[in-house]
file data-v1.tsv (TSV, C-alpha atoms)
chain	number	residue	atom	x	y	z
A	1	MET	CA	9.12	16.60	11.01
A	2	ALA	CA	7.98	20.21	11.11
A	3	SER	CA	4.67	21.80	12.04
A	4	HIS	CA	3.15	25.23	11.75
A	5	ILE	CA	-0.20	27.00	11.95
A	6	HIS	CA	-1.77	27.93	8.63
A	7	ASN	CA	-4.72	30.16	7.80
A	8	TRP	CA	-6.92	28.55	5.16
A	9	ASN	CA	-9.98	30.51	4.02
A	10	GLY	CA	-10.15	32.28	7.36
A	11	ARG	CA	-9.89	29.07	9.36
A	12	ARG	CA	-6.97	28.03	11.51
A	13	CYS	CA	-5.44	24.68	10.64
A	14	TYR	CA	-2.21	22.86	11.35
A	15	VAL	CA	0.26	21.72	8.70
A	16	HIS	CA	2.56	18.82	9.61
A	17	LEU	CA	5.44	18.23	7.19
A	18	TYR	CA	7.26	14.88	7.08
A	19	TYR	CA	10.28	13.52	5.23
A	20	ASN	CA	10.97	9.87	4.35
A	21	ALA	CA	14.39	9.03	2.87
A	22	ALA	CA	13.25	5.71	1.38
A	23	ARG	CA	10.24	7.39	-0.20
A	24	ALA	CA	12.51	10.14	-1.56
A	25	ALA	CA	14.70	7.56	-3.32
A	26	GLU	CA	11.66	5.81	-4.83
A	27	GLU	CA	10.12	9.07	-6.05
A	28	PHE	CA	13.37	10.26	-7.60
A	29	ASP	CA	13.83	6.91	-9.35
A	30	ALA	CA	10.30	7.24	-10.74
A	31	LEU	CA	11.05	10.80	-11.88
A	32	THR	CA	14.27	9.63	-13.55
A	33	ARG	CA	12.39	6.96	-15.53
A	34	LYS	CA	9.80	9.53	-16.56
A	35	LEU	CA	12.49	12.00	-17.66
A	36	ILE	CA	14.21	9.37	-19.79
A	37	ALA	CA	10.93	8.57	-21.52
A	38	CYS	CA	10.19	12.28	-22.11
A	39	LYS	CA	13.66	12.89	-23.52
A	40	LYS	CA	13.14	10.08	-26.00
A	41	GLU	CA	9.79	11.57	-27.04
A	42	LEU	CA	11.41	14.96	-27.65
A	43	GLU	CA	14.30	13.51	-29.64
A	44	GLU	CA	11.95	11.47	-31.82
A	45	GLY	CA	9.53	14.38	-32.31
A	46	ASN	CA	6.78	12.41	-30.63
A	47	ARG	CA	5.53	14.96	-28.11
A	48	LYS	CA	2.56	14.09	-25.93
A	49	GLU	CA	0.19	16.71	-24.60
A	50	ALA	CA	0.08	15.05	-21.19
A	51	ASN	CA	3.84	15.61	-20.79
A	52	LYS	CA	3.87	19.24	-21.93
A	53	ASP	CA	4.73	20.58	-18.46
A	54	MET	CA	7.58	18.07	-18.13
A	55	TYR	CA	9.08	19.19	-21.45
A	56	GLU	CA	8.96	22.86	-20.54
A	57	ARG	CA	10.26	22.47	-17.00
A	58	PHE	CA	12.91	19.78	-17.09
A	59	PHE	CA	14.42	20.07	-20.58
A	60	ILE	CA	16.38	22.56	-22.62
A	61	VAL	CA	15.50	22.21	-26.28
A	62	LYS	CA	17.51	24.08	-28.92
A	63	SER	CA	17.10	24.15	-32.66
A	64	ARG	CA	20.34	24.07	-34.64
A	65	PRO	CA	20.20	24.93	-38.36
A	66	LYS	CA	22.70	22.34	-39.50
A	67	ARG	CA	22.56	19.61	-36.85
A	68	GLY	CA	18.88	19.71	-36.04
A	69	GLN	CA	17.30	19.80	-32.59
A	70	SER	CA	19.27	19.20	-29.40
A	71	VAL	CA	17.65	18.03	-26.17
A	72	ALA	CA	19.36	18.34	-22.78
A	73	TYR	CA	18.22	17.92	-19.20
A	74	ASN	CA	17.64	21.04	-17.14
A	75	GLU	CA	19.80	19.76	-14.27
A	76	ALA	CA	19.25	22.82	-12.08
A	77	GLU	CA	15.46	22.46	-12.22
A	78	ILE	CA	15.63	18.68	-11.68
A	79	GLN	CA	17.74	19.10	-8.55
A	80	ARG	CA	15.51	21.92	-7.31
A	81	HIS	CA	12.46	19.72	-7.72
A	82	ARG	CA	14.18	16.81	-5.97
A	83	LYS	CA	15.22	18.87	-2.95
A	84	ARG	CA	11.82	20.49	-2.60
A	85	TYR	CA	9.42	17.60	-3.21
A	86	ALA	CA	11.03	14.13	-3.22
A	87	GLY	CA	10.25	12.29	0.01
A	88	PHE	CA	8.13	15.05	1.51
A	89	PHE	CA	4.45	14.83	2.33
A	90	CYS	CA	2.19	16.82	4.60
A	91	ILE	CA	-0.94	16.27	6.65
A	92	LEU	CA	-3.41	19.13	7.10
A	93	THR	CA	-5.72	19.01	10.12
A	94	ASN	CA	-7.95	21.36	12.10
A	95	VAL	CA	-7.13	19.54	15.34
A	96	LYS	CA	-4.08	20.50	17.36
A	97	THR	CA	-2.10	17.34	18.02
A	98	ASP	CA	1.44	15.98	18.22
A	99	SER	CA	3.09	15.31	14.84
A	100	GLY	CA	4.15	11.78	15.87
A	101	ASP	CA	0.68	10.84	17.11
A	102	LEU	CA	-0.89	12.24	13.95
A	103	LEU	CA	1.45	10.21	11.72
A	104	GLU	CA	0.62	7.02	13.63
A	105	LEU	CA	-3.09	7.74	13.20
A	106	TYR	CA	-2.59	8.34	9.48
A	107	ARG	CA	-0.78	5.02	9.09
A	108	ARG	CA	-3.74	3.20	10.61
A	109	LYS	CA	-5.81	4.46	7.68
A	110	GLU	CA	-4.11	1.91	5.45
A	111	ALA	CA	-5.18	-0.92	7.76
A	112	VAL	CA	-8.80	0.29	7.58
A	113	GLU	CA	-8.62	0.52	3.78
A	114	ASN	CA	-7.21	-3.02	3.63
A	115	CYS	CA	-10.13	-4.26	5.72
A	116	PHE	CA	-12.63	-2.71	3.31
A	117	ASP	CA	-10.72	-4.26	0.40
A	118	ASP	CA	-10.89	-7.66	2.11
A	119	LEU	CA	-14.64	-7.29	2.62
A	120	LYS	CA	-15.34	-6.23	-0.96
A	121	ASN	CA	-13.01	-8.62	-2.76
A	122	GLY	CA	-11.66	-11.43	-0.58
A	123	LEU	CA	-14.93	-11.93	1.32
A	124	ASP	CA	-17.32	-11.23	-1.57
A	125	MET	CA	-19.15	-8.28	0.02
A	126	LYS	CA	-19.60	-6.13	-3.07
A	127	ARG	CA	-23.26	-7.16	-2.95
A	128	LEU	CA	-25.10	-8.52	0.08
A	129	ARG	CA	-27.51	-10.66	-1.97
A	130	VAL	CA	-30.04	-10.88	0.86
A	131	HIS	CA	-33.74	-10.02	0.92
A	132	SER	CA	-34.48	-9.50	4.61
A	133	SER	CA	-33.06	-7.52	7.50
A	134	PRO	CA	-32.33	-10.60	9.69
A	135	ALA	CA	-30.46	-12.25	6.81
A	136	MET	CA	-28.42	-9.09	6.28
A	137	ASP	CA	-27.56	-8.87	9.99
A	138	ALA	CA	-26.50	-12.53	9.98
A	139	ARG	CA	-24.29	-12.12	6.94
A	140	LEU	CA	-22.66	-8.96	8.30
A	141	PHE	CA	-21.89	-10.78	11.55
A	142	ILE	CA	-20.32	-13.72	9.70
A	143	GLN	CA	-18.27	-11.33	7.55
A	144	PHE	CA	-17.11	-9.52	10.69
A	145	ILE	CA	-15.88	-12.80	12.20
A	146	ALA	CA	-14.15	-13.72	8.93
A	147	LEU	CA	-12.47	-10.31	8.77
A	148	ALA	CA	-11.27	-10.64	12.37
A	149	LEU	CA	-9.76	-14.06	11.57
A	150	ILE	CA	-7.98	-12.76	8.46
A	151	SER	CA	-6.60	-9.79	10.41
A	152	ARG	CA	-5.35	-12.12	13.13
A	153	ILE	CA	-3.69	-14.42	10.59
A	154	ARG	CA	-1.88	-11.47	9.04
A	155	MET	CA	-0.74	-10.15	12.41
A	156	VAL	CA	0.67	-13.49	13.57
A	157	ALA	CA	2.31	-14.26	10.20
A	158	LYS	CA	3.91	-10.81	10.09
A	159	GLY	CA	6.23	-11.71	12.97
A	160	HIS	CA	7.49	-14.95	11.38
A	161	ASP	CA	10.46	-15.15	9.01
A	162	VAL	CA	8.81	-17.59	6.57
A	163	LEU	CA	5.11	-16.81	6.86
A	164	LYS	CA	5.48	-13.01	6.64
A	165	HIS	CA	5.93	-13.40	2.87
A	166	LYS	CA	2.62	-15.25	2.48
A	167	GLY	CA	-0.87	-13.78	2.35
A	168	ALA	CA	-3.74	-14.87	4.58
A	169	ARG	CA	-5.39	-16.74	1.70
A	170	GLU	CA	-2.17	-18.67	0.97
A	171	ILE	CA	-1.94	-19.74	4.62
A	172	ILE	CA	-5.58	-20.82	4.70
A	173	GLU	CA	-5.26	-22.76	1.44
A	174	ALA	CA	-2.08	-24.45	2.70
A	175	MET	CA	-4.03	-25.90	5.62
A	176	GLU	CA	-7.03	-27.11	3.60
A	177	SER	CA	-5.47	-30.54	3.00
A	178	VAL	CA	-4.96	-31.22	6.72
A	179	VAL	CA	-7.78	-33.58	7.70
A	180	ARG	CA	-8.67	-35.34	10.94
A	181	ILE	CA	-10.02	-38.87	10.43
A	182	THR	CA	-12.14	-40.59	13.04
A	183	PHE	CA	-13.22	-44.23	13.13
A	184	GLU	CA	-16.56	-45.46	14.31
A	185	GLY	CA	-16.33	-47.20	17.65
A	186	LYS	CA	-12.84	-45.84	18.40
A	187	ARG	CA	-11.94	-42.92	20.62
A	188	ASN	CA	-8.68	-42.02	18.93
A	189	SER	CA	-8.41	-40.29	15.56
A	190	ILE	CA	-5.58	-39.66	13.15
A	191	VAL	CA	-4.44	-36.59	11.25
A	192	THR	CA	-3.21	-36.73	7.67
A	193	GLU	CA	0.52	-36.26	7.10
A	194	THR	CA	1.59	-32.61	7.13
A	195	SER	CA	4.13	-30.80	4.95
A	196	PRO	CA	7.00	-28.67	6.33
A	197	LEU	CA	4.97	-25.50	5.60
A	198	GLN	CA	1.90	-26.88	7.34
A	199	ARG	CA	3.95	-27.86	10.38
A	200	LYS	CA	5.41	-24.36	10.46
A	201	ILE	CA	1.90	-22.85	10.36
A	202	ILE	CA	0.72	-25.20	13.11
A	203	GLU	CA	3.69	-24.26	15.29
A	204	THR	CA	3.43	-20.52	14.64
A	205	PHE	CA	-0.29	-20.31	15.35
A	206	GLY	CA	-0.14	-22.67	18.32
A	207	LEU	CA	-2.66	-25.10	16.81
A	208	LYS	CA	-3.40	-28.38	18.53
A	209	ILE	CA	-4.10	-31.18	16.07
A	210	GLU	CA	-3.00	-34.17	18.10
A	211	PRO	CA	-5.61	-36.88	18.66
call {"tool": "encode", "arguments": {"input": "data-v1.tsv", "output": "structure tokens"}}
result
Amino acid sequence: MASHIHNWNGRRCYVHLYYNAARAAEEFDALTRKLIACKKELEEGNRKEANKDMYERFFIVKSRPKRGQSVAYNEAEIQRHRKRYAGFFCILTNVKTDSGDLLELYRRKEAVENCFDDLKNGLDMKRLRVHSSPAMDARLFIQFIALALISRIRMVAKGHDVLKHKGAREIIEAMESVVRITFEGKRNSIVTETSPLQRKIIETFGLKIEP
């Protein structure tokens, strides 16, 4: 991590630069795939306007009178690009703060975005479909409770070896077939037979389903 003060349009701001080795590997792999595709386009004479900058920057194209066109990678430029950009990202802020604290705050943004995605898609909140203020307040409250439950399910499942690979909806659907049956005139009730996955969910979440 590195930080420095930057003057932007006469205003003081702070630039925090970060490097992630895993992200660098992913970005370079993506660049490699893109370069292979561009090289094929050049060799086949199928240039695309959207890739014009890639052709000019990362390739050396030579025309040979007898053997036609040759296409080679500009290795120096590729390595320069990799060292300068792959794995790096920066955060610009007008608030003076510690780089580590700022990165943690930035990472929370993803959690907030996931919550909005859950509301719009998983919880059907693209449209409220209500015609009065009390009805809207009631629906928003119910959606808030549902969102809190989904967030809790994700948090608990994240720390479990088996359940961390399953989404909140998968866990909820897995438990839909668990039913408690009561008999009129009897105090005790019975619970339908549970699968290994259901028993794992019950154990992980500390559910009590005994009669």
call {"tool": "residues_around", "arguments": {"input": "data-v1.tsv", "residues": "segment 161-177 of chain A", "least_positions_apart": "3", "cutoff": "7 Å", "atoms": "all atoms listed in the file", "output": "NGL selection string"}}
result
:A and (150 or 153-154 or 157-158 or 198)
call {"tool": "residues_around", "arguments": {"input": "data-v1.tsv", "residues": "Glu56 of chain A", "least_positions_apart": "2", "cutoff": "12 Å", "atoms": "all atoms listed in the file", "output": "MDAnalysis selection string"}}
result
chainID A and resid 35 38:39 42 47 49:54 58:61 71:74 77:78
call {"tool": "atom_distance", "arguments": {"input": "data-v1.tsv", "atom1": "atom CA of Lys83 of chain A", "atom2": "atom CA of Tyr106 of chain A"}}
result
24.1 Å
call {"tool": "closest_residue", "arguments": {"input": "data-v1.tsv", "among": "A:Gly185, A:Gly87, A:Gly206, A:Pro196", "to": "Ala25 of chain A", "atoms": "only C-alpha atoms"}}
result
A:Gly87
call {"tool": "atom_distance", "arguments": {"input": "data-v1.tsv", "atom1": "atom CA of Arg199 of chain A", "atom2": "atom CA of Arg152 of chain A"}}
result
18.5 Å
call {"tool": "atom_distance", "arguments": {"input": "data-v1.tsv", "atom1": "atom CA of Val15 of chain A", "atom2": "atom CA of Ile91 of chain A"}}
result
5.9 Å
call {"tool": "residues_around", "arguments": {"input": "data-v1.tsv", "residues": "Ser3 of chain A", "least_positions_apart": "2", "cutoff": "8 Å", "atoms": "only C-alpha atoms", "output": "list in words"}}
result
Met1, Ile5, Tyr14, Val15, His16, Leu17 and Ser99 of chain A
call {"tool": "axis_aligned_box", "arguments": {"input": "data-v1.tsv", "around": "segment 85-100 of chain A", "padding_each_side": "6 Å", "output": "lines of an AutoDock Vina configuration file"}}
result
center_x = 1.5
center_y = 16.6
center_z = 7.5
size_x = 31.0
size_y = 21.6
size_z = 33.4
call {"tool": "closest_residue", "arguments": {"input": "data-v1.tsv", "among": "A:His6, A:Ala148, A:Glu26, A:Leu207", "to": "Leu92 of chain A", "atoms": "only C-alpha atoms"}}
result
A:His6
call {"tool": "residues_around", "arguments": {"input": "data-v1.tsv", "residues": "Ile209 of chain A", "least_positions_apart": "6", "cutoff": "10 Å", "atoms": "all atoms listed in the file", "output": "MDAnalysis selection string"}}
result
chainID A and resid 178:180 190:191 202
call {"tool": "residues_around", "arguments": {"input": "data-v1.tsv", "residues": "Glu27 of chain A", "least_positions_apart": "4", "cutoff": "10 Å", "atoms": "only C-alpha atoms", "output": "PDB file with C-alpha atoms, keeping the file's coordinate frame"}}
result
ATOM      1  CA  ALA A  21      14.390   9.030   2.870  1.00  0.00           C
ATOM      2  CA  ALA A  22      13.250   5.710   1.380  1.00  0.00           C
ATOM      3  CA  ARG A  23      10.240   7.390  -0.200  1.00  0.00           C
ATOM      4  CA  LEU A  31      11.050  10.800 -11.880  1.00  0.00           C
ATOM      5  CA  THR A  32      14.270   9.630 -13.550  1.00  0.00           C
ATOM      6  CA  ARG A  33      12.390   6.960 -15.530  1.00  0.00           C
ATOM      7  CA  ARG A  82      14.180  16.810  -5.970  1.00  0.00           C
ATOM      8  CA  TYR A  85       9.420  17.600  -3.210  1.00  0.00           C
ATOM      9  CA  ALA A  86      11.030  14.130  -3.220  1.00  0.00           C
ATOM     10  CA  GLY A  87      10.250  12.290   0.010  1.00  0.00           C
ATOM     11  CA  PHE A  88       8.130  15.050   1.510  1.00  0.00           C
TER      12      PHE A  88
END
call {"tool": "closest_residue", "arguments": {"input": "data-v1.tsv", "among": "A:Thr182, A:Thr204, A:Ala2, A:Phe144", "to": "Gly100 of chain A", "atoms": "all atoms listed in the file"}}
result
A:Ala2
call {"tool": "build_atoms", "arguments": {"input": "data-v1.tsv", "residues": "segment 186-197 of chain A", "atoms": "all heavy atoms", "output": "compact mmCIF listing (two decimals), keeping the file's coordinate frame"}}
result
# COMPACT_ATOMS: atom_id res chain seq x y z
N LYS A 186 -14.15 -46.07 17.81
CA LYS A 186 -12.84 -45.84 18.40
C LYS A 186 -12.74 -44.40 18.90
O LYS A 186 -13.22 -43.47 18.26
CB LYS A 186 -11.74 -46.12 17.38
CG LYS A 186 -11.67 -47.58 16.97
CD LYS A 186 -10.46 -47.82 16.08
CE LYS A 186 -10.35 -49.29 15.70
NZ LYS A 186 -9.17 -49.55 14.85
N ARG A 187 -12.07 -44.25 20.02
CA ARG A 187 -11.94 -42.92 20.62
C ARG A 187 -10.86 -42.09 19.94
O ARG A 187 -10.98 -40.89 19.83
CB ARG A 187 -11.64 -43.04 22.11
CG ARG A 187 -12.75 -43.73 22.92
CD ARG A 187 -12.38 -43.83 24.38
NE ARG A 187 -12.07 -42.52 24.95
CZ ARG A 187 -11.63 -42.33 26.19
NH1 ARG A 187 -11.43 -43.39 26.99
NH2 ARG A 187 -11.38 -41.11 26.64
N ASN A 188 -9.80 -42.75 19.52
CA ASN A 188 -8.68 -42.02 18.93
C ASN A 188 -8.96 -41.71 17.45
O ASN A 188 -9.71 -42.41 16.77
CB ASN A 188 -7.40 -42.84 19.04
CG ASN A 188 -6.96 -42.98 20.48
OD1 ASN A 188 -7.30 -42.14 21.32
ND2 ASN A 188 -6.22 -44.03 20.79
N SER A 189 -8.31 -40.68 16.97
CA SER A 189 -8.41 -40.29 15.56
C SER A 189 -7.00 -40.03 15.04
O SER A 189 -6.05 -39.94 15.81
CB SER A 189 -9.28 -39.04 15.39
OG SER A 189 -8.73 -37.96 16.14
N ILE A 190 -6.89 -39.93 13.73
CA ILE A 190 -5.58 -39.66 13.15
C ILE A 190 -5.67 -38.42 12.26
O ILE A 190 -6.74 -38.06 11.78
CB ILE A 190 -5.07 -40.85 12.31
CG1 ILE A 190 -6.03 -41.13 11.14
CG2 ILE A 190 -4.87 -42.09 13.17
CD1 ILE A 190 -5.51 -42.18 10.18
N VAL A 191 -4.53 -37.78 12.09
CA VAL A 191 -4.44 -36.59 11.25
C VAL A 191 -3.56 -36.91 10.06
O VAL A 191 -2.53 -37.58 10.18
CB VAL A 191 -3.86 -35.39 12.04
CG1 VAL A 191 -3.70 -34.18 11.13
CG2 VAL A 191 -4.75 -35.06 13.22
N THR A 192 -3.98 -36.46 8.89
CA THR A 192 -3.21 -36.73 7.67
C THR A 192 -1.80 -36.14 7.80
O THR A 192 -1.57 -35.21 8.55
CB THR A 192 -3.91 -36.12 6.44
OG1 THR A 192 -4.16 -34.73 6.68
CG2 THR A 192 -5.23 -36.82 6.18
N GLU A 193 -0.87 -36.70 7.04
CA GLU A 193 0.52 -36.26 7.10
C GLU A 193 0.63 -34.79 6.68
O GLU A 193 -0.02 -34.35 5.73
CB GLU A 193 1.38 -37.13 6.17
CG GLU A 193 2.86 -36.82 6.28
CD GLU A 193 3.70 -37.76 5.43
OE1 GLU A 193 3.12 -38.72 4.86
OE2 GLU A 193 4.92 -37.53 5.33
N THR A 194 1.44 -34.05 7.39
CA THR A 194 1.59 -32.61 7.13
C THR A 194 2.92 -32.31 6.46
O THR A 194 3.92 -32.99 6.67
CB THR A 194 1.50 -31.81 8.44
OG1 THR A 194 2.46 -32.31 9.38
CG2 THR A 194 0.10 -31.93 9.05
N SER A 195 2.92 -31.25 5.65
CA SER A 195 4.13 -30.80 4.95
C SER A 195 4.94 -29.90 5.88
O SER A 195 4.43 -29.44 6.92
CB SER A 195 3.75 -30.03 3.69
OG SER A 195 3.09 -28.83 4.04
N PRO A 196 6.20 -29.59 5.51
CA PRO A 196 7.00 -28.67 6.33
C PRO A 196 6.31 -27.32 6.54
O PRO A 196 6.36 -26.76 7.64
CB PRO A 196 8.30 -28.52 5.53
CG PRO A 196 8.42 -29.80 4.78
CD PRO A 196 7.01 -30.17 4.42
N LEU A 197 5.66 -26.78 5.47
CA LEU A 197 4.97 -25.50 5.60
C LEU A 197 3.80 -25.62 6.56
O LEU A 197 3.58 -24.74 7.41
CB LEU A 197 4.48 -25.02 4.23
CG LEU A 197 3.62 -23.75 4.23
CD1 LEU A 197 4.39 -22.58 4.84
CD2 LEU A 197 3.13 -23.41 2.82
